[in-house]
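**Q** The structure is given below, and queries will be raised subsequently.
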Amino acid sequence: MVWVETVLNGIFLGGLYGILGLGLALVFGVMKVINVAHGDFIVLSAFIGVFLSAAVPGVSPLLIILPVVAIAAGLGWAFQSVLMNRVIDSDDMLVPMLLTFGVSFVMRNIMLETFGATPVTLEAGALSRASFQVAGLHLGVLPVLTLAISVVLFGGLNWLITRTEIGRVIRATSDNTAIARLMGVRPGRIYALVMALSLALAAVAGLLLAMRTSFTPSSGIDRILIAFEVVVLGGLGSFWGALLAGIALGVTQLVGFRFDANSGLLYAHLLFLAFLIARPNGLFGSK
Amino acid sequence: MDVIQIERLEAFYGDMQALFGVSLGLRAGETFALVGANGAGKSTLMRALVGLVRDRRGHIRLGGEELIATSPEQIARAGIALVPEGRQLFASLTVEENLQMGAMNRRRGPWDLEAIYGLFPVLRERRRQMAVTMSGGQQQMVAIGRALMANPRVLLCDELSLGLAPVIVSQIYDSFARIRAEGMSMIIVEQDIERAIAVSDRMACLLHGQVTLRVEDTARVDIDALSAAYFGE
């Protein structure tokens, strides 16, 4: 029973990992830019959540998600419009990535200056301890809720991209930017929208993760490492692949944790390494 | 008055100049053909008109409005649409989604999904199919439909027949009668000179980025003069 619980908890955690990678995959899929600062935006969202939670005590942390998502989306829009769009047309793919690299450093140090290096968590209160029993299994409410939110976000984004007009324009811009402009599309706006979406997703993941584990201004590195693994393992640009990859990593981490309490993310990284050798194009990668 | 007036148009790719002072006018409702050898600058002229070649000088006036310094998206809104060389359909979009992209600017006019499906019935049958999985001729129909969906004042067609079987090319040009009947003004680039003469009212020959011959009535073409203009003899 303990093993079943472990695997289930791994799946719950994996949904969250999927979301970590989803925003990164979205930006890469549309703009062919690797946003190295993605992890730092995740951490920043968590800090904003902690700040808001302290400012209005007694409000459920799940409700805190809403304003934080709005702030993160606004930040994403501004980040893309003000900074990234200046270099996005560069012939050298490295230029936009280097800019995000610089932004990552600046953000980390500003957060260190502002919030200090002490690990903090987002207090979820009773929610973090709430649990229920199903068929003899002892499951936490928060992890189950986390997976539910993840699945809804994956489904929602998939719907947005494949079924709506804005999704159609995003896909067209990603396919052929020059020709999309001939249809009247302003790519800068589409990119800003995509970055806003990406960081909104990052904010949800950041807050949910902050309810589980403590974090510091330097945690962005750990976050983006998982996000990278999710994106590559799932196959670049594959949405559902990212969710499955997240689940694979989450299950491996928690099962590994059963064997060796000090392993942390070691086994998840090893799984990633094994896959990189066996299937370099990811679970759903083409070519 | 001409729908579109091109005056002393120059275009550059980096340090290389591709157009050297091209002047042309397009009358309302007419079909104007551009012919010329490979590298003569026909496609560059098309791409300069819609803003895809950014480094350009001179004048491009659409109904009196100067477009030489405007972005591709603004030119699209002003009403110039291009059927690009090689079709360039959106690979992750279905046939219908590709067509809908053309209507982004919400310009009014006779061309909507129904009208395009009336023009090319096969596209209605295949509207849920990914556009790039279709045959070359059908893809060309999508590319034409996508440009028409913008209800442009001027339609530019760059090498429609490229890579297509002659029978398919004929089918596609047959649809031009319908497009002209709606009053569309068109500039077409065509390698096949006989076909260019057949479908156009007037034509011009380009060589080394300059106009070497203007034909005011394609019913009376001096083949020797055209040949000289084409090859630069």
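Naming works like this for the structure tokens: A, B, ... for the chains as they're shown, residue 1 at the start of each chain, ligands 1 onward in shown order.
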Pick out the chain A residues within 12 Å of chain B. Count only C-alpha atoms. Give them as an NGL selection string.
**A** :A and (29-30 or 161-188)
**Q** Would you mind listing, for every residue of region 198-230 of chain A within 12 Å of region 101-122 of chain A, the two atoms forming the shortest contact and the distance between them in Å to one decimal, using only C-alpha atoms, sorted by chain and ascending residue number, as a Markdown table?
**A**
| residue | atom | partner | partner_atom | distance |
| --- | --- | --- | --- | --- |
| A:Gly206 | CA | A:Leu122 | CA | 10.0 |
| A:Leu207 | CA | A:Leu122 | CA | 7.3 |
| A:Leu208 | CA | A:Leu122 | CA | 8.6 |
| A:Leu209 | CA | A:Leu122 | CA | 8.7 |
| A:Ala210 | CA | A:Leu122 | CA | 5.3 |
| A:Met211 | CA | A:Leu122 | CA | 4.9 |
| A:Arg212 | CA | A:Thr121 | CA | 7.6 |
| A:Thr213 | CA | A:Thr121 | CA | 6.4 |
| A:Ser214 | CA | A:Thr121 | CA | 4.5 |
| A:Phe215 | CA | A:Pro119 | CA | 5.1 |
| A:Thr216 | CA | A:Pro119 | CA | 4.8 |
| A:Pro217 | CA | A:Leu112 | CA | 5.5 |
| A:Ser218 | CA | A:Arg108 | CA | 6.3 |
| A:Ser219 | CA | A:Arg108 | CA | 9.0 |
| A:Gly220 | CA | A:Arg108 | CA | 7.9 |
| A:Ile221 | CA | A:Ser104 | CA | 9.5 |
| A:Ile224 | CA | A:Ser104 | CA | 10.8 |
**Q** Suppose we keep all heavy atoms; can you now write the selection as a compact mmCIF listing (two decimals), in the first residue's frame?
**A**
# COMPACT_ATOMS: atom_id res chain seq x y z
N GLY A 206 4.84 27.76 -9.49
CA GLY A 206 5.69 28.31 -8.43
C GLY A 206 4.98 28.31 -7.08
O GLY A 206 5.57 27.93 -6.06
N LEU A 207 3.71 28.70 -7.08
CA LEU A 207 2.97 28.77 -5.81
C LEU A 207 2.69 27.37 -5.26
O LEU A 207 2.85 27.13 -4.07
CB LEU A 207 1.66 29.53 -6.03
CG LEU A 207 1.81 31.03 -6.26
CD1 LEU A 207 0.45 31.68 -6.42
CD2 LEU A 207 2.56 31.68 -5.11
N LEU A 208 2.27 26.46 -6.14
CA LEU A 208 1.96 25.11 -5.67
C LEU A 208 3.20 24.43 -5.12
O LEU A 208 3.15 23.71 -4.11
CB LEU A 208 1.34 24.28 -6.81
CG LEU A 208 -0.06 24.73 -7.24
CD1 LEU A 208 -0.52 23.96 -8.46
CD2 LEU A 208 -1.06 24.52 -6.10
N LEU A 209 4.33 24.68 -5.78
CA LEU A 209 5.59 24.09 -5.33
C LEU A 209 6.02 24.71 -4.01
O LEU A 209 6.55 24.02 -3.13
CB LEU A 209 6.67 24.32 -6.41
CG LEU A 209 7.77 23.28 -6.54
CD1 LEU A 209 7.17 21.90 -6.72
CD2 LEU A 209 8.67 23.62 -7.72
N ALA A 210 5.77 26.01 -3.86
CA ALA A 210 6.16 26.71 -2.64
C ALA A 210 5.35 26.23 -1.44
O ALA A 210 5.77 26.39 -0.29
CB ALA A 210 5.98 28.21 -2.82
N MET A 211 4.18 25.63 -1.68
CA MET A 211 3.38 25.08 -0.58
C MET A 211 3.96 23.74 -0.13
O MET A 211 3.69 23.27 0.97
CB MET A 211 1.93 24.88 -1.02
CG MET A 211 1.18 26.17 -1.26
SD MET A 211 -0.51 25.84 -1.79
CE MET A 211 -0.89 27.31 -2.70
N ARG A 212 4.71 23.08 -1.00
CA ARG A 212 5.27 21.76 -0.69
C ARG A 212 6.65 21.85 -0.08
O ARG A 212 6.96 21.15 0.88
CB ARG A 212 5.38 20.90 -1.95
CG ARG A 212 4.09 20.58 -2.63
CD ARG A 212 4.37 19.72 -3.84
NE ARG A 212 4.90 18.42 -3.45
CZ ARG A 212 4.25 17.28 -3.63
NH1 ARG A 212 3.08 17.28 -4.22
NH2 ARG A 212 4.80 16.15 -3.24
N THR A 213 7.50 22.68 -0.69
CA THR A 213 8.90 22.73 -0.24
C THR A 213 9.34 24.18 -0.08
O THR A 213 8.82 25.08 -0.72
CB THR A 213 9.84 22.07 -1.28
OG1 THR A 213 9.58 22.67 -2.55
CG2 THR A 213 9.64 20.59 -1.36
N SER A 214 10.32 24.36 0.77
CA SER A 214 10.84 25.71 0.99
C SER A 214 11.69 26.13 -0.21
O SER A 214 12.16 25.29 -0.98
CB SER A 214 11.68 25.75 2.26
OG SER A 214 12.78 24.89 2.12
N PHE A 215 11.86 27.43 -0.36
CA PHE A 215 12.66 27.92 -1.48
C PHE A 215 13.42 29.18 -1.07
O PHE A 215 13.09 29.83 -0.08
CB PHE A 215 11.75 28.22 -2.69
CG PHE A 215 10.73 29.29 -2.42
CD1 PHE A 215 10.96 30.60 -2.80
CD2 PHE A 215 9.54 28.98 -1.78
CE1 PHE A 215 10.02 31.59 -2.54
CE2 PHE A 215 8.60 29.97 -1.52
CZ PHE A 215 8.83 31.27 -1.90
N THR A 216 14.45 29.49 -1.84
CA THR A 216 15.26 30.69 -1.64
C THR A 216 15.35 31.41 -2.98
O THR A 216 14.93 30.85 -4.00
CB THR A 216 16.69 30.33 -1.17
OG1 THR A 216 17.38 29.75 -2.28
CG2 THR A 216 16.68 29.38 0.01
N PRO A 217 15.91 32.61 -3.02
CA PRO A 217 16.06 33.30 -4.31
C PRO A 217 16.89 32.51 -5.33
O PRO A 217 16.81 32.78 -6.52
CB PRO A 217 16.77 34.60 -3.92
CG PRO A 217 16.34 34.87 -2.54
CD PRO A 217 16.26 33.53 -1.89
N SER A 218 17.68 31.53 -4.84
CA SER A 218 18.50 30.76 -5.78
C SER A 218 17.79 29.51 -6.28
O SER A 218 18.36 28.74 -7.07
CB SER A 218 19.81 30.34 -5.11
OG SER A 218 20.38 31.44 -4.47
N SER A 219 16.57 29.26 -5.85
CA SER A 219 15.89 28.02 -6.21
C SER A 219 15.52 27.95 -7.69
O SER A 219 15.15 26.89 -8.18
CB SER A 219 14.61 27.85 -5.38
OG SER A 219 14.93 27.78 -4.02
N GLY A 220 15.61 29.07 -8.38
CA GLY A 220 15.27 29.09 -9.80
C GLY A 220 16.04 28.05 -10.60
O GLY A 220 15.51 27.45 -11.54
N ILE A 221 17.29 27.81 -10.17
CA ILE A 221 18.12 26.82 -10.86
C ILE A 221 17.49 25.43 -10.81
O ILE A 221 17.39 24.74 -11.82
CB ILE A 221 19.53 26.76 -10.21
CG1 ILE A 221 20.15 28.16 -10.22
CG2 ILE A 221 20.38 25.71 -10.90
CD1 ILE A 221 21.24 28.36 -11.20
N ILE A 224 14.29 25.37 -12.99
CA ILE A 224 14.44 25.33 -14.45
C ILE A 224 15.07 24.03 -14.90
O ILE A 224 14.84 23.56 -16.01
CB ILE A 224 15.23 26.55 -14.98
CG1 ILE A 224 14.96 26.68 -16.48
CG2 ILE A 224 16.70 26.43 -14.71
CD1 ILE A 224 15.33 27.98 -17.08
**Q** Given only C-alpha atoms as the basis, pick out the residue of B:Leu99, B:Gly79, B:Ile4, B:Phe32 nearest to Gly64 (chain B).
**A** B:Ile4
**Q** Would you work out the distance separating CA of Arg47 (chain B) from CA of Asp15 (chain B), expressed in Å to one decimal?
**A**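 So the answer is 17.2 Å.
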**Q** Please measure the separation of CA of Gly145 (chain B) and CA of Thr31 (chain B), giving the value in Å to one decimal.
**A**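 Pair CA of Gly145 (chain B) / CA of Thr31 (chain B) returns 17.4 Å.
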**Q** At a cut-off of 12 Å, using only C-alpha atoms, what residues contact Arg178 (chain B)? Leave out same-chain residues fewer than 3 positions from it and give the result as a PyMOL selection string.
**A** chain B and resi 110-111+115-116+118-120+148+172-175+181-184
**Q** Selection from above, C-alpha atoms, as a PDB file, in the first residue's frame, can you write it?
**A**
ATOM      1  CA  PRO B 110     -16.958  39.665 -51.782  1.00  0.00           C
ATOM      2  CA  TRP B 111     -14.432  37.061 -50.615  1.00  0.00           C
ATOM      3  CA  ALA B 115     -16.905  32.338 -51.881  1.00  0.00           C
ATOM      4  CA  ILE B 116     -13.514  30.591 -51.750  1.00  0.00           C
ATOM      5  CA  GLY B 118     -17.361  28.160 -54.426  1.00  0.00           C
ATOM      6  CA  LEU B 119     -14.227  28.997 -56.409  1.00  0.00           C
ATOM      7  CA  PHE B 120     -12.325  25.852 -55.355  1.00  0.00           C
ATOM      8  CA  LEU B 148      -8.333  36.583 -51.506  1.00  0.00           C
ATOM      9  CA  ILE B 172      -5.771  27.411 -61.492  1.00  0.00           C
ATOM     10  CA  TYR B 173      -5.672  30.093 -64.167  1.00  0.00           C
ATOM     11  CA  ASP B 174      -9.253  29.199 -65.134  1.00  0.00           C
ATOM     12  CA  SER B 175     -10.295  30.483 -61.712  1.00  0.00           C
ATOM     13  CA  ALA B 181     -15.214  39.288 -62.559  1.00  0.00           C
ATOM     14  CA  GLU B 182     -15.222  40.538 -58.957  1.00  0.00           C
ATOM     15  CA  GLY B 183     -13.148  43.505 -60.127  1.00  0.00           C
ATOM     16  CA  MET B 184      -9.813  42.455 -58.633  1.00  0.00           C
TER      17      MET B 184
END
**Q** Using only C-alpha atoms, which residues sit within 9 Å of Gly18 (chain A) once same-chain residues fewer than 4 positions away are excluded, as a PyMOL selection string?
**A** chain A and resi 13-14+22+150+154+205+226-227+230-231+239-247
**Q** Give me the residues near Leu137 (chain A) as a list in words, where near means some atom within 10 Å (using only C-alpha atoms) and where sequence neighbours in that chain fewer than 3 positions away do not count.
**A**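 Once the nearby chain positions are removed, what remains is Met1, Val2, Val4, Glu5, Leu8, Phe132, Gln133, Val134 and Gly140 of chain A.
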**Q** Atoms to include: all heavy atoms. Write the selected residues as an mmCIF file, in the first residue's frame.
**A**
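selection-v2.cif, written as the output of this step:
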data_model
loop_
_atom_site.group_PDB
_atom_site.id
_atom_site.type_symbol
_atom_site.label_atom_id
_atom_site.label_comp_id
_atom_site.auth_asym_id
_atom_site.auth_seq_id
_atom_site.Cartn_x
_atom_site.Cartn_y
_atom_site.Cartn_z
ATOM 1 N N MET A 1 0.826 -1.206 0.000
ATOM 2 C CA MET A 1 0.000 0.000 0.000
ATOM 3 C C MET A 1 0.856 1.250 0.000
ATOM 4 O O MET A 1 0.569 2.234 -0.689
ATOM 5 C CB MET A 1 -0.898 0.019 1.254
ATOM 6 C CG MET A 1 -2.271 -0.575 1.013
ATOM 7 S SD MET A 1 -2.917 -0.343 -0.636
ATOM 8 C CE MET A 1 -4.579 -0.884 -0.452
ATOM 9 N N VAL A 2 1.937 1.176 0.791
ATOM 10 C CA VAL A 2 2.861 2.305 0.848
ATOM 11 C C VAL A 2 3.417 2.614 -0.534
ATOM 12 O O VAL A 2 3.534 3.777 -0.928
ATOM 13 C CB VAL A 2 4.009 1.989 1.834
ATOM 14 C CG1 VAL A 2 5.136 2.996 1.678
ATOM 15 C CG2 VAL A 2 3.493 1.965 3.260
ATOM 16 N N VAL A 4 1.997 1.907 -3.464
ATOM 17 C CA VAL A 4 0.954 2.500 -4.311
ATOM 18 C C VAL A 4 0.826 3.987 -4.000
ATOM 19 O O VAL A 4 0.744 4.831 -4.892
ATOM 20 C CB VAL A 4 -0.392 1.778 -4.092
ATOM 21 C CG1 VAL A 4 -1.483 2.427 -4.946
ATOM 22 C CG2 VAL A 4 -0.261 0.303 -4.456
ATOM 23 N N GLU A 5 0.831 4.295 -2.698
ATOM 24 C CA GLU A 5 0.753 5.698 -2.296
ATOM 25 C C GLU A 5 1.928 6.499 -2.851
ATOM 26 O O GLU A 5 1.774 7.632 -3.311
ATOM 27 C CB GLU A 5 0.737 5.822 -0.766
ATOM 28 C CG GLU A 5 -0.634 5.593 -0.167
ATOM 29 C CD GLU A 5 -0.602 5.641 1.359
ATOM 30 O OE1 GLU A 5 0.396 6.135 1.921
ATOM 31 O OE2 GLU A 5 -1.566 5.164 1.968
ATOM 32 N N LEU A 8 1.390 7.082 -6.510
ATOM 33 C CA LEU A 8 0.333 8.079 -6.706
ATOM 34 C C LEU A 8 0.846 9.483 -6.377
ATOM 35 O O LEU A 8 0.614 10.441 -7.131
ATOM 36 C CB LEU A 8 -0.884 7.741 -5.832
ATOM 37 C CG LEU A 8 -1.783 6.631 -6.381
ATOM 38 C CD1 LEU A 8 -2.892 6.290 -5.395
ATOM 39 C CD2 LEU A 8 -2.379 7.038 -7.731
ATOM 40 N N PHE A 132 -7.339 12.424 2.981
ATOM 41 C CA PHE A 132 -8.533 11.585 2.942
ATOM 42 C C PHE A 132 -8.121 10.160 2.604
ATOM 43 O O PHE A 132 -6.980 9.917 2.189
ATOM 44 C CB PHE A 132 -9.548 12.112 1.923
ATOM 45 C CG PHE A 132 -9.051 12.099 0.503
ATOM 46 C CD1 PHE A 132 -9.439 11.085 -0.363
ATOM 47 C CD2 PHE A 132 -8.195 13.097 0.038
ATOM 48 C CE1 PHE A 132 -8.990 11.065 -1.668
ATOM 49 C CE2 PHE A 132 -7.746 13.073 -1.270
ATOM 50 C CZ PHE A 132 -8.136 12.062 -2.127
ATOM 51 N N GLN A 133 -9.044 9.233 2.828
ATOM 52 C CA GLN A 133 -8.724 7.827 2.563
ATOM 53 C C GLN A 133 -9.628 7.267 1.482
ATOM 54 O O GLN A 133 -10.843 7.465 1.511
ATOM 55 C CB GLN A 133 -8.879 7.006 3.837
ATOM 56 C CG GLN A 133 -7.663 7.153 4.747
ATOM 57 C CD GLN A 133 -7.656 6.115 5.844
ATOM 58 O OE1 GLN A 133 -8.683 5.837 6.446
ATOM 59 N NE2 GLN A 133 -6.487 5.549 6.112
ATOM 60 N N VAL A 134 -9.011 6.614 0.514
ATOM 61 C CA VAL A 134 -9.777 5.956 -0.549
ATOM 62 C C VAL A 134 -9.212 4.546 -0.701
ATOM 63 O O VAL A 134 -8.002 4.386 -0.880
ATOM 64 C CB VAL A 134 -9.630 6.701 -1.886
ATOM 65 C CG1 VAL A 134 -10.320 5.920 -3.005
ATOM 66 C CG2 VAL A 134 -10.213 8.093 -1.794
ATOM 67 N N GLY A 140 -3.101 12.949 0.381
ATOM 68 C CA GLY A 140 -3.216 14.351 0.773
ATOM 69 C C GLY A 140 -4.149 15.096 -0.171
ATOM 70 O O GLY A 140 -4.200 14.816 -1.370
#
**Q** Nearest residue to Phe79 (chain A) out of A:Leu249, A:Ala196, A:Leu236, A:Leu94, using only C-alpha atoms?
**A**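 Of A:Leu249, A:Ala196, A:Leu236, A:Leu94, the one nearest Phe79 (chain A) is A:Ala196, counting only C-alpha atoms.
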**Q** DSSP on the backbone: what in region 83-191 of chain B comes out strand (DSSP E or B), as a ChimeraX atom specification?
**A** /B:83,94,130,154-158,185-189
**Q** Between B:Gln210, B:Gln138, B:Asn38, B:Thr218, which is the closest to Glu7 (chain B) once you count only C-alpha atoms?
**A**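 For Glu7 (chain B), the nearest of the candidates is B:Gln210.
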**Q** Return the single residue from A:Asp222, A:Trp3, A:Gly282, A:Phe47 that is closest to Gly264 (chain A), with distances computed using only C-alpha atoms.
**A**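 Going through A:Asp222, A:Trp3, A:Gly282, A:Phe47 one by one, the smallest distance to Gly264 (chain A) is for A:Asp222.
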**Q** Between CA of Leu201 (chain A) and CA of Ala73 (chain A), what is the distance, to one decimal in Å?
**A**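 Separating CA of Leu201 (chain A) from CA of Ala73 (chain A) is a distance of 8.6 Å.
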**Q** Using backbone DSSP assignments, extract all helix (DSSP H, G or I) residues from region 12-202 of chain B; output them as a VMD selection string.
**A** chain B and resid 42 to 49 72 to 78 95 to 102 113 to 119 121 to 125 131 to 133 136 to 148 166 to 174 176 to 181 193 to 199
**Q** Using C-alpha atoms, can you write the selected residues to a file as a JSON list (two decimals), in the first residue's frame?
**A**
[["chain", "number", "residue", "atom", "x", "y", "z"],
["B", 42, "LYS", "CA", 10.34, 39.91, -60.34],
["B", 43, "SER", "CA", 10.01, 38.23, -56.97],
["B", 44, "THR", "CA", 11.98, 41.01, -55.31],
["B", 45, "LEU", "CA", 9.51, 43.53, -56.71],
["B", 46, "MET", "CA", 6.62, 41.49, -55.28],
["B", 47, "ARG", "CA", 8.32, 41.17, -51.91],
["B", 48, "ALA", "CA", 9.20, 44.86, -51.86],
["B", 49, "LEU", "CA", 5.57, 45.81, -52.54],
["B", 72, "PRO", "CA", 4.16, 44.39, -43.82],
["B", 73, "GLU", "CA", 1.20, 44.29, -41.41],
["B", 74, "GLN", "CA", 0.23, 47.88, -42.23],
["B", 75, "ILE", "CA", 0.54, 47.22, -45.96],
["B", 76, "ALA", "CA", -1.72, 44.19, -45.47],
["B", 77, "ARG", "CA", -4.29, 46.39, -43.76],
["B", 78, "ALA", "CA", -4.01, 48.97, -46.54],
["B", 95, "VAL", "CA", -7.01, 24.24, -44.94],
["B", 96, "GLU", "CA", -9.79, 26.26, -43.35],
["B", 97, "GLU", "CA", -7.53, 27.74, -40.69],
["B", 98, "ASN", "CA", -5.08, 28.84, -43.41],
["B", 99, "LEU", "CA", -7.92, 30.54, -45.24],
["B", 100, "GLN", "CA", -9.15, 32.20, -42.04],
["B", 101, "MET", "CA", -5.69, 33.68, -41.47],
["B", 102, "GLY", "CA", -6.22, 35.70, -44.63],
["B", 113, "LEU", "CA", -15.03, 31.19, -46.85],
["B", 114, "GLU", "CA", -18.17, 30.43, -48.84],
["B", 115, "ALA", "CA", -16.90, 32.34, -51.88],
["B", 116, "ILE", "CA", -13.51, 30.59, -51.75],
["B", 117, "TYR", "CA", -15.20, 27.17, -51.45],
["B", 118, "GLY", "CA", -17.36, 28.16, -54.43],
["B", 119, "LEU", "CA", -14.23, 29.00, -56.41],
["B", 121, "PRO", "CA", -14.89, 23.20, -54.29],
["B", 122, "VAL", "CA", -12.18, 20.66, -53.46],
["B", 123, "LEU", "CA", -11.08, 22.87, -50.56],
["B", 124, "ARG", "CA", -14.47, 22.51, -48.90],
["B", 125, "GLU", "CA", -14.14, 18.72, -48.95],
["B", 131, "ALA", "CA", -2.96, 22.19, -45.68],
["B", 132, "VAL", "CA", 0.60, 21.05, -46.36],
["B", 133, "THR", "CA", -0.44, 17.40, -46.76],
["B", 136, "GLY", "CA", 0.78, 21.03, -54.92],
["B", 137, "GLY", "CA", -2.14, 22.27, -56.99],
["B", 138, "GLN", "CA", -4.53, 22.14, -54.04],
["B", 139, "GLN", "CA", -1.98, 23.93, -51.87],
["B", 140, "GLN", "CA", -1.78, 26.65, -54.51],
["B", 141, "MET", "CA", -5.57, 26.99, -54.32],
["B", 142, "VAL", "CA", -5.29, 27.46, -50.54],
["B", 143, "ALA", "CA", -2.58, 30.09, -51.05],
["B", 144, "ILE", "CA", -4.76, 31.99, -53.55],
["B", 145, "GLY", "CA", -7.81, 31.62, -51.30],
["B", 146, "ARG", "CA", -5.86, 32.86, -48.29],
["B", 147, "ALA", "CA", -4.81, 36.00, -50.17],
["B", 148, "LEU", "CA", -8.33, 36.58, -51.51],
["B", 166, "PRO", "CA", 0.53, 22.06, -66.85],
["B", 167, "VAL", "CA", -3.02, 20.70, -66.54],
["B", 168, "ILE", "CA", -3.15, 21.86, -62.90],
["B", 169, "VAL", "CA", -1.76, 25.27, -63.87],
["B", 170, "SER", "CA", -4.54, 25.62, -66.45],
["B", 171, "GLN", "CA", -7.17, 24.78, -63.82],
["B", 172, "ILE", "CA", -5.77, 27.41, -61.49],
["B", 173, "TYR", "CA", -5.67, 30.09, -64.17],
["B", 174, "ASP", "CA", -9.25, 29.20, -65.13],
["B", 176, "PHE", "CA", -8.88, 33.90, -62.63],
["B", 177, "ALA", "CA", -11.93, 34.67, -64.75],
["B", 178, "ARG", "CA", -14.04, 34.55, -61.57],
["B", 179, "ILE", "CA", -11.56, 36.62, -59.61],
["B", 180, "ARG", "CA", -11.44, 39.26, -62.35],
["B", 181, "ALA", "CA", -15.21, 39.29, -62.56],
["B", 193, "ILE", "CA", 5.42, 33.87, -71.39],
["B", 194, "GLU", "CA", 2.57, 32.48, -73.48],
["B", 195, "ARG", "CA", 0.45, 32.07, -70.41],
["B", 196, "ALA", "CA", 1.39, 35.53, -69.16],
["B", 197, "ILE", "CA", 0.26, 37.01, -72.47],
["B", 198, "ALA", "CA", -2.97, 35.01, -72.40],
["B", 199, "VAL", "CA", -4.11, 36.04, -68.92]]
